[in-house]
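Engineer: So here's model_12.txt, just compact mmCIF, C-alpha atoms:
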# COMPACT_ATOMS: atom_id res chain seq x y z
CA MET X 1 0.00 0.00 0.00
CA GLY X 2 1.36 3.41 -1.00
CA PHE X 3 1.04 5.37 2.21
CA ILE X 4 2.70 8.79 2.34
CA TRP X 5 3.04 11.24 5.20
CA PHE X 6 3.86 14.92 5.12
CA PHE X 7 5.45 17.20 7.71
CA PRO X 8 4.20 20.79 7.42
CA GLU X 9 6.54 23.12 9.27
CA GLY X 10 5.38 23.67 12.85
CA GLU X 11 2.46 21.25 12.52
CA MET X 12 1.69 17.64 13.32
CA PRO X 13 2.66 14.96 10.79
CA VAL X 14 -0.13 13.89 8.44
CA TRP X 15 -0.72 10.29 7.39
CA SER X 16 -2.61 9.90 4.14
CA GLN X 17 -4.29 6.49 4.44
CA LYS X 18 -4.95 4.70 7.71
CA LEU X 19 -4.08 1.13 8.59
CA LYS X 20 -7.40 -0.38 9.69
CA GLY X 21 -6.02 -3.37 11.45
CA VAL X 22 -6.60 -6.38 13.64
CA CYS X 23 -4.13 -8.59 15.49
CA TRP X 24 -4.45 -11.90 13.65
CA VAL X 25 -4.23 -15.03 15.81
CA GLY X 26 -2.03 -17.70 14.25
CA SER X 27 -4.09 -20.87 13.89
CA ARG X 28 -3.12 -24.40 14.93
CA LYS X 29 -3.86 -25.73 11.45
CA PRO X 30 -3.74 -24.29 7.93
CA LEU X 31 -6.44 -21.84 6.87
CA SER X 32 -9.49 -23.46 5.34
CA GLY X 33 -10.46 -20.54 3.09
CA GLY X 34 -12.83 -17.62 3.41
CA GLU X 35 -11.22 -16.18 6.54
CA PHE X 36 -10.02 -13.02 4.81
CA ALA X 37 -13.22 -12.44 2.91
CA THR X 38 -14.93 -12.31 6.30
CA LEU X 39 -12.37 -9.86 7.65
CA LYS X 40 -12.42 -7.71 4.51
CA ALA X 41 -16.19 -7.26 4.92
CA THR X 42 -15.49 -5.25 8.09
CA GLY X 43 -13.45 -2.70 6.14
CA ALA X 44 -10.17 -3.87 7.66
CA ASN X 45 -7.11 -3.43 5.42
CA ALA X 46 -4.31 -4.62 7.72
CA ILE X 47 -3.31 -7.42 10.06
CA SER X 48 -0.38 -8.08 12.36
CA GLN X 49 1.06 -11.59 12.64
CA THR X 50 2.77 -12.72 15.85
CA PRO X 51 5.32 -15.52 16.10
CA PHE X 52 6.93 -16.11 19.50
CA GLY X 53 10.29 -16.42 21.17
CA TRP X 54 10.41 -18.05 24.60
CA GLN X 55 12.21 -16.83 27.72
CA GLU X 56 12.44 -18.92 30.90
CA GLY X 57 12.22 -15.99 33.31
CA THR X 58 12.28 -12.22 33.50
CA ASP X 59 15.97 -12.20 34.47
CA SER X 60 17.10 -15.00 32.15
CA PRO X 61 19.18 -13.81 29.18
CA GLY X 62 18.41 -16.92 27.14
CA ILE X 63 15.79 -16.78 24.34
CA ARG X 64 14.56 -19.80 22.34
CA TRP X 65 12.82 -19.61 18.97
CA GLN X 66 12.43 -21.34 15.64
CA VAL X 67 11.19 -19.64 12.50
CA GLU X 68 10.17 -23.14 11.45
CA GLY X 69 9.56 -25.79 14.11
CA ASP X 70 7.69 -29.03 14.66
CA ARG X 71 6.06 -27.82 17.90
CA GLN X 72 4.74 -24.52 16.56
CA TRP X 73 1.18 -23.74 15.63
CA TRP X 74 0.97 -23.60 11.86
CA GLY X 75 -0.02 -19.93 11.81
CA GLU X 76 3.06 -18.91 13.84
CA SER X 77 5.55 -20.78 11.62
CA GLY X 78 7.40 -19.16 8.76
CA THR X 79 5.37 -21.23 6.32
CA GLY X 80 2.08 -20.24 7.94
CA ILE X 81 3.12 -16.59 8.06
CA GLN X 82 3.85 -16.61 4.32
CA VAL X 83 0.59 -18.37 3.40
CA THR X 84 -1.34 -15.97 5.63
CA LEU X 85 0.46 -13.03 3.99
CA ASP X 86 -0.42 -14.28 0.52
CA SER X 87 -4.06 -14.89 1.46
CA ALA X 88 -4.36 -11.45 3.06
CA GLU X 89 -2.75 -9.66 0.13
CA SER X 90 -5.17 -11.31 -2.29
CA HIS X 91 -7.83 -9.26 -0.44
CA GLN X 92 -5.71 -6.07 -0.41
CA ILE X 93 -4.96 -6.52 3.30
CA SER X 94 -1.44 -5.51 4.34
CA ASN X 95 0.72 -7.30 6.90
CA MET X 96 2.88 -6.37 9.85
CA LEU X 97 5.20 -8.99 11.35
CA LYS X 98 5.19 -8.49 15.13
CA PRO X 99 7.28 -11.08 17.01
CA HIS X 100 6.64 -11.29 20.75
CA LEU X 101 8.54 -12.78 23.68
CA TRP X 102 6.60 -15.20 25.86
CA VAL X 103 7.98 -15.08 29.41
CA ARG X 104 7.27 -17.90 31.82
CA GLY X 105 5.09 -16.65 34.67
CA SER X 106 5.22 -12.98 33.66
CA TRP X 107 5.09 -10.61 30.68
CA PRO X 108 7.74 -8.81 28.58
CA GLY X 109 7.41 -5.57 30.53
CA GLU X 110 9.09 -7.26 33.50
CA ILE X 111 12.19 -8.46 31.63
CA GLU X 112 15.16 -7.05 33.51
CA MET X 113 18.63 -8.52 33.84
CA LYS X 114 20.58 -8.61 37.09
CA SER X 115 23.97 -7.64 35.68
CA GLU X 116 25.56 -5.81 32.79
CA GLU X 117 26.96 -9.13 31.57
CA ASP X 118 23.45 -10.58 31.44
CA TRP X 119 22.12 -7.48 29.65
CA ASP X 120 24.85 -7.83 27.02
CA GLN X 121 23.95 -11.48 26.51
CA TRP X 122 20.21 -10.74 26.39
CA PHE X 123 20.60 -8.02 23.77
CA GLU X 124 22.90 -10.27 21.73
CA ASN X 125 20.26 -13.02 21.83
CA TYR X 126 17.41 -10.63 21.15
CA GLU X 127 19.21 -9.12 18.16
CA THR X 128 19.67 -12.58 16.64
CA PHE X 129 16.01 -13.38 17.32
CA ILE X 130 14.63 -10.23 15.70
CA LEU X 131 17.08 -10.41 12.78
CA ASP X 132 15.80 -13.89 11.94
CA TYR X 133 12.29 -12.48 11.64
CA ALA X 134 13.50 -9.32 9.86
CA THR X 135 15.16 -11.58 7.30
CA LEU X 136 11.92 -13.52 6.89
CA ALA X 137 9.95 -10.27 6.51
CA GLU X 138 12.34 -9.05 3.82
CA ARG X 139 12.39 -12.37 1.98
CA ILE X 140 8.60 -12.59 1.68
CA SER X 141 8.06 -8.81 1.34
CA ILE X 142 6.11 -8.01 4.51
CA PRO X 143 5.82 -4.18 4.42
CA TYR X 144 5.84 -3.51 8.19
CA LEU X 145 7.98 -4.97 10.97
CA CYS X 146 7.65 -4.43 14.71
CA ILE X 147 11.08 -4.88 16.31
CA GLY X 148 9.92 -5.27 19.92
CA THR X 149 6.82 -5.26 22.10
CA GLU X 150 6.39 -3.93 25.66
CA LEU X 151 10.03 -4.44 26.62
CA GLU X 152 9.65 -1.59 29.07
CA LYS X 153 12.58 -2.27 31.40
CA SER X 154 14.99 -2.59 28.49
CA SER X 155 13.92 0.36 26.34
CA GLY X 156 15.78 2.88 28.50
CA ARG X 157 19.00 1.32 27.21
CA GLU X 158 18.96 3.59 24.20
CA GLU X 159 22.26 2.68 22.58
CA ASP X 160 21.53 -1.04 22.76
CA TRP X 161 18.25 -0.46 20.93
CA ARG X 162 19.83 1.84 18.37
CA LYS X 163 22.30 -0.96 17.61
CA ILE X 164 19.40 -3.37 17.03
CA ILE X 165 17.59 -0.87 14.82
CA ALA X 166 20.72 -0.34 12.71
CA ALA X 167 21.16 -4.12 12.36
CA VAL X 168 17.53 -4.54 11.30
CA ARG X 169 17.91 -1.79 8.70
CA GLN X 170 20.79 -3.75 7.15
CA VAL X 171 18.57 -6.74 6.32
CA TYR X 172 15.06 -5.26 6.06
CA LYS X 173 13.95 -2.43 3.77
CA GLY X 174 10.34 -1.99 4.90
CA LYS X 175 8.90 0.28 7.59
CA ILE X 176 9.74 -0.44 11.22
CA VAL X 177 8.11 0.35 14.53
CA TYR X 178 8.58 -0.47 18.21
CA ALA X 179 5.43 -1.30 20.23
CA ALA X 180 5.78 0.60 23.51
CA ASN X 181 3.46 -0.06 26.40
CA PHE X 182 1.13 2.84 27.18
CA THR X 183 3.18 3.44 30.36
CA GLU X 184 6.44 3.42 28.36
CA PHE X 185 6.13 5.43 25.16
CA GLU X 186 6.85 8.85 26.70
CA HIS X 187 10.26 7.71 27.98
CA ILE X 188 11.69 6.27 24.77
CA GLN X 189 14.46 8.32 23.15
CA PHE X 190 15.01 6.34 19.94
CA TRP X 191 11.76 7.15 18.14
CA ASP X 192 13.76 9.23 15.65
CA ALA X 193 15.44 6.05 14.35
CA LEU X 194 12.09 4.39 13.55
CA ASP X 195 9.36 5.07 11.00
CA PHE X 196 6.50 5.23 13.52
CA ILE X 197 5.80 5.76 17.18
CA GLY X 198 4.14 2.52 18.25
CA ILE X 199 1.84 2.36 21.28
CA GLN X 200 0.16 -0.58 22.96
CA ALA X 201 -2.84 1.63 23.70
CA TYR X 202 -4.46 -0.01 26.73
CA PHE X 203 -5.02 3.34 28.43
CA PRO X 204 -7.52 3.37 31.31
CA LEU X 205 -10.71 5.16 30.29
CA SER X 206 -13.01 5.15 33.33
CA ASP X 207 -13.14 3.84 36.89
CA LYS X 208 -16.91 4.34 37.09
CA GLU X 209 -19.11 1.36 37.89
CA VAL X 210 -21.22 2.31 34.87
CA PRO X 211 -18.92 4.26 32.53
CA THR X 212 -20.39 6.56 29.91
CA LEU X 213 -19.08 7.61 26.52
CA ASN X 214 -18.45 11.09 27.93
CA HIS X 215 -16.29 9.68 30.76
CA MET X 216 -14.18 7.82 28.24
CA ASN X 217 -13.87 10.73 25.83
CA GLN X 218 -12.70 12.97 28.66
CA ALA X 219 -10.05 10.41 29.60
CA TRP X 220 -8.80 10.30 26.02
CA LYS X 221 -8.23 14.07 26.10
CA ALA X 222 -5.56 13.64 28.77
CA HIS X 223 -3.95 10.68 27.01
CA LEU X 224 -3.94 12.55 23.70
CA LYS X 225 -2.09 15.46 25.28
CA ASP X 226 0.72 13.08 26.30
CA ILE X 227 0.80 11.38 22.90
CA GLU X 228 0.88 14.64 20.98
CA SER X 229 3.77 15.90 23.08
CA VAL X 230 5.85 12.95 21.87
CA VAL X 231 4.60 13.34 18.29
CA LYS X 232 5.65 17.00 18.22
CA LYS X 233 9.09 16.17 19.61
CA PHE X 234 9.90 13.36 17.16
CA GLN X 235 7.71 14.30 14.16
CA LYS X 236 6.63 10.72 13.55
CA PRO X 237 3.14 9.34 12.87
CA VAL X 238 1.63 6.97 15.43
CA ILE X 239 0.41 3.41 15.12
CA PHE X 240 -1.60 1.87 17.93
CA THR X 241 0.18 -1.47 17.51
CA GLU X 242 -2.48 -2.91 19.81
CA ILE X 243 -5.71 -1.60 21.23
CA GLY X 244 -8.54 -3.67 22.61
CA TYR X 245 -11.16 -4.21 25.27
CA CYS X 246 -12.67 -7.28 26.91
CA ASN X 247 -16.40 -7.87 26.64
CA THR X 248 -16.82 -7.26 30.39
CA HIS X 249 -18.35 -4.50 32.50
CA ASP X 250 -14.87 -3.44 33.77
CA ALA X 251 -13.27 -3.19 30.32
CA ALA X 252 -12.77 0.58 30.49
CA LYS X 253 -11.09 0.54 33.91
CA GLU X 254 -8.13 -1.72 33.16
CA PRO X 255 -8.16 -2.64 29.48
CA TRP X 256 -4.86 -4.51 29.74
CA VAL X 257 -6.09 -7.22 32.14
CA TRP X 258 -6.30 -10.68 30.59
CA PRO X 259 -9.74 -12.36 30.45
CA ASN X 260 -8.72 -15.20 32.78
CA GLU X 261 -7.63 -12.64 35.40
CA ARG X 262 -10.96 -10.81 35.52
CA GLY X 263 -12.48 -13.09 38.16
CA GLU X 264 -16.24 -12.89 38.21
CA ALA X 265 -16.47 -9.90 35.88
CA GLN X 266 -19.90 -9.59 34.31
CA ILE X 267 -20.09 -10.04 30.55
CA SER X 268 -20.99 -6.79 28.79
CA GLU X 269 -20.63 -6.40 25.06
CA GLU X 270 -22.25 -2.96 25.50
CA ILE X 271 -19.28 -1.61 27.52
CA GLN X 272 -16.81 -3.15 25.07
CA ALA X 273 -18.62 -1.47 22.18
CA LEU X 274 -18.65 1.84 24.06
CA CYS X 275 -14.88 1.64 24.46
CA TYR X 276 -14.53 1.13 20.70
CA GLU X 277 -16.86 4.07 20.07
CA SER X 278 -14.79 6.32 22.32
CA PHE X 279 -11.57 5.46 20.50
CA PHE X 280 -13.07 6.21 17.11
CA GLU X 281 -14.71 9.46 18.30
CA SER X 282 -11.65 10.72 20.17
CA VAL X 283 -8.58 9.45 18.33
CA TRP X 284 -9.23 7.99 14.88
CA ASP X 285 -9.39 11.27 12.97
CA LYS X 286 -6.14 12.71 14.33
CA THR X 287 -3.85 13.56 11.42
CA TRP X 288 -0.87 11.81 13.06
CA MET X 289 -2.84 8.56 13.53
CA ALA X 290 -1.43 6.16 10.94
CA GLY X 291 -3.57 3.26 12.09
CA ALA X 292 -4.62 0.86 14.80
CA TYR X 293 -4.65 -2.91 15.28
CA PHE X 294 -7.45 -4.31 17.43
CA TRP X 295 -6.59 -7.18 19.74
CA LYS X 296 -7.63 -9.74 18.61
CA TRP X 297 -9.10 -11.61 15.62
CA TYR X 298 -9.46 -15.39 15.33
CA PRO X 299 -9.45 -16.91 11.83
CA GLU X 300 -12.03 -19.47 12.95
CA GLY X 301 -14.17 -16.97 14.88
CA LYS X 302 -14.50 -16.03 18.54
CA HIS X 303 -14.93 -19.07 20.79
CA ARG X 304 -14.89 -18.06 24.47
CA ASP X 305 -16.14 -15.55 27.01
CA PRO X 306 -14.82 -13.27 28.28
CA ASP X 307 -12.44 -12.35 25.48
CA PHE X 308 -10.89 -9.38 23.72
CA SER X 309 -12.22 -10.29 20.30
CA PRO X 310 -15.01 -8.09 18.90
CA GLN X 311 -16.12 -10.85 16.52
CA GLY X 312 -19.88 -11.28 16.33
CA LEU X 313 -20.44 -8.60 18.97
CA LYS X 314 -21.56 -4.96 19.04
CA ALA X 315 -17.91 -3.87 19.06
CA GLU X 316 -17.45 -5.43 15.62
CA ASN X 317 -20.35 -3.35 14.34
CA VAL X 318 -18.68 -0.19 15.66
CA MET X 319 -15.35 -1.13 14.09
CA LYS X 320 -17.06 -1.93 10.81
CA GLN X 321 -18.97 1.37 10.81
CA TYR X 322 -15.79 3.44 11.08
CA PHE X 323 -13.55 1.23 8.93
CA LEU X 324 -16.02 1.30 6.06
CA ALA X 325 -16.66 5.05 6.39
CA ASP X 326 -13.17 6.07 5.23
Is it possible to give me this structure as structure tokens?

Structural biologist:
Amino acid sequence: MGFIWFFPEGEMPVWSQKLKGVCWVGSRKPLSGGEFATLKATGANAISQTPFGWQEGTDSPGIRWQVEGDRQWWGESGTGIQVTLDSAESHQISNMLKPHLWVRGSWPGEIEMKSEEDWDQWFENYETFILDYATLAERISIPYLCIGTELEKSSGREEDWRKIIAAVRQVYKGKIVYAANFTEFEHIQFWDALDFIGIQAYFPLSDKEVPTLNHMNQAWKAHLKDIESVVKKFQKPVIFTEIGYCNTHDAAKEPWVWPNERGEAQISEEIQALCYESFFESVWDKTWMAGAYFWKWYPEGKHRDPDFSPQGLKAENVMKQYFLAD
């Protein structure tokens, strides 16, 4: 897709055509056909694909991965990624490759080494990991690559990340982004070396028992002020590399909480849909907004509750309304 952005002097960057995305879940088995026709009907024009590397603990410098492996789900293998890419592109749906680290008993934002020696080893391993996927992305012509996701306790090590970015640029010619947690993006100093400011946009929107659209829109005003401060400083467009809400009554309070950690939360597709509506009303039309990827979209359809997927729910109708309007 031929996206172009412009940088009028003294103004915000302008992105000409938005990425209307979802975070595609890699399937256990090969696609059966028709999955992208269903997605295309929502107006979506982009997906992210997520293979995994594995880390034993938050302070362990070792990382395991295989671009192709016998124990992988098909959709997370190099073969599955390429077939998914080809299927998506046949429906004019672009791809972002977005490798994640899976950390035993924690999440990537808690990765922190105990010594400089361990940090050196971790960054050496991580560089090899991401270069393997950058090489794959270049070989099969994936136009967007995310070089890291929510690695909050490492991203302050600016020179280490600049070294990784430079190494990625040597093997990959597409556009690159880093997916910073919503608590992290303001502190990153290497945005200038990337093509986009990437944000995992799980911002809290309301702590009310019964949140309203107005509550959420007011919350976005404060978050937008912080985002636009970073945009002005680095003059880069923004991608919400992830944004999403559970179909529960507390979705607006702590959007980042996993479904299985929500206890006895009451199912509410109405609150989920309201969260989607607030995003589109408050953020979508910003000139610096290059696109957003909603977490998450199952090829075979949504199959549990609670869950982040909007599929078959009121939130999907909201997404479809705005995606098809542009």

Engineer: Could you give me, as a PDB file with C-alpha atoms, in the coordinates of the input, the residues within 7 Å of Trp102 of chain X, counting all atoms listed in the file and dropping anything in the same chain fewer than 5 positions from it?

Structural biologist:
ATOM      1  CA  PHE X  52       6.930 -16.110  19.500  1.00  0.00           C
ATOM      2  CA  GLY X  53      10.290 -16.420  21.170  1.00  0.00           C
ATOM      3  CA  TRP X  54      10.410 -18.050  24.600  1.00  0.00           C
ATOM      4  CA  GLN X  55      12.210 -16.830  27.720  1.00  0.00           C
ATOM      5  CA  TRP X 107       5.090 -10.610  30.680  1.00  0.00           C
TER       6      TRP X 107
END

Engineer: Show me, as CSV, the residues of segment 176-234 of chain X having an atom within 6 Å of segment 247-268 of chain X, each with the closest atom pair and its distance in Å, using all atoms listed in the file.

Structural biologist:
residue,atom,partner,partner_atom,distance
X:Tyr202,CA,X:Pro255,CA,5.3
X:Pro204,CA,X:Lys253,CA,5.2
X:Leu205,CA,X:Ala252,CA,5.0
X:Ser206,CA,X:Lys253,CA,5.0
X:Asp207,CA,X:Lys253,CA,4.9

Engineer: Work out how far atom CA of Cys146 of chain X is from atom CA of Lys98 of chain X, in Å to one decimal.

Structural biologist: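 Interatomic distance here is 4.8 Å.
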
Engineer: My list of candidates is X:Asn217, X:Trp122, X:Glu11, X:Val168. Which is closest to Ser229 of chain X when distances are computed with only C-alpha atoms?

Structural biologist: X:Glu11

Engineer: Can you tell me how far atom CA of Asp307 of chain X sits from atom CA of Leu274 of chain X, in Å to one decimal?

Structural biologist: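 Atom CA of Leu274 of chain X lies 15.6 Å from atom CA of Asp307 of chain X.
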
Engineer: Compile the contact shell of segment 37-50 of chain X as a VMD selection string: residues with an atom at most 6 Å away, counting all atoms listed in the file, same-chain residues fewer than 4 positions apart removed.

Structural biologist: chain X and resid 19 to 24 93 to 99 320 323 to 324

Engineer: Restrict the selected residues to C-alpha atoms and save them as a compact mmCIF listing (two decimals), in the coordinates of the input.

Structural biologist:
# COMPACT_ATOMS: atom_id res chain seq x y z
CA LEU X 19 -4.08 1.13 8.59
CA LYS X 20 -7.40 -0.38 9.69
CA GLY X 21 -6.02 -3.37 11.45
CA VAL X 22 -6.60 -6.38 13.64
CA CYS X 23 -4.13 -8.59 15.49
CA TRP X 24 -4.45 -11.90 13.65
CA ILE X 93 -4.96 -6.52 3.30
CA SER X 94 -1.44 -5.51 4.34
CA ASN X 95 0.72 -7.30 6.90
CA MET X 96 2.88 -6.37 9.85
CA LEU X 97 5.20 -8.99 11.35
CA LYS X 98 5.19 -8.49 15.13
CA PRO X 99 7.28 -11.08 17.01
CA LYS X 320 -17.06 -1.93 10.81
CA PHE X 323 -13.55 1.23 8.93
CA LEU X 324 -16.02 1.30 6.06

Engineer: May I have the residues within 8 Å of Leu194 of chain X as a PDB file with C-alpha atoms, keeping the file's coordinate frame, using only C-alpha atoms and disregarding those fewer than 6 positions away in the same chain?

Structural biologist:
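Saved file out.pdb follows:
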ATOM      1  CA  ILE X 165      17.590  -0.870  14.820  1.00  0.00           C
ATOM      2  CA  LYS X 175       8.900   0.280   7.590  1.00  0.00           C
ATOM      3  CA  ILE X 176       9.740  -0.440  11.220  1.00  0.00           C
ATOM      4  CA  VAL X 177       8.110   0.350  14.530  1.00  0.00           C
ATOM      5  CA  TYR X 178       8.580  -0.470  18.210  1.00  0.00           C
TER       6      TYR X 178
END

Engineer: Work out how far apart atom CA of Ser278 of chain X and atom CA of Pro299 of chain X are and give it in Å to one decimal.

Structural biologist: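 Between atom CA of Ser278 of chain X and atom CA of Pro299 of chain X the gap works out to 26.0 Å.
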
Engineer: So which residues touch Glu159 of chain X within 10 Å, counting only C-alpha atoms, skipping near sequence neighbours fewer than 5 positions away, as a ChimeraX atom specification?

Structural biologist: /X:164-165,189-190

Engineer: Mind checking which residues fall within 10 Å of Lys232 of chain X, counting only C-alpha atoms, ignoring those fewer than 5 positions away in the same chain, and posting them as a ChimeraX atom specification?

Structural biologist: /X:10-13,227,237,288

Engineer: With only C-alpha atoms as the basis for distance, which of X:Asp86, X:Glu76, X:Glu300, X:Asp59 is at the shortest distance from Gly26 of chain X?

Structural biologist: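 Among X:Asp86, X:Glu76, X:Glu300, X:Asp59, it is X:Glu76 that comes nearest to Gly26 of chain X.
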
Engineer: When distances are computed from all atoms listed in the file, which of X:Thr241, X:Leu85, X:Arg304, X:Gly75 shows the smallest separation from Gly148 of chain X?

Structural biologist: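 The answer is X:Thr241, which sits nearest to Gly148 of chain X.
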
Engineer: Of the residues X:Ala290, X:Cys246, X:Ser141, X:Pro211, which is the one nearest to Gly198 of chain X, using all atoms listed in the file?

Structural biologist: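 Result for the nearest residue to Gly198 of chain X: X:Ala290.
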
Engineer: X:Ser90, X:Ser60, X:Gly244, X:Asp305: which is nearest Ser115 of chain X, counting all atoms listed in the file?

Structural biologist: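 With all atoms listed in the file as the atom set, the closest residue is X:Ser60.
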
Engineer: Give the answer as one residue: which of X:Ala222, X:Tyr144, X:Gly78, X:Gln170 has the shortest atom-to-atom distance to Leu131 of chain X, using all atoms listed in the file?

Structural biologist: X:Gln170
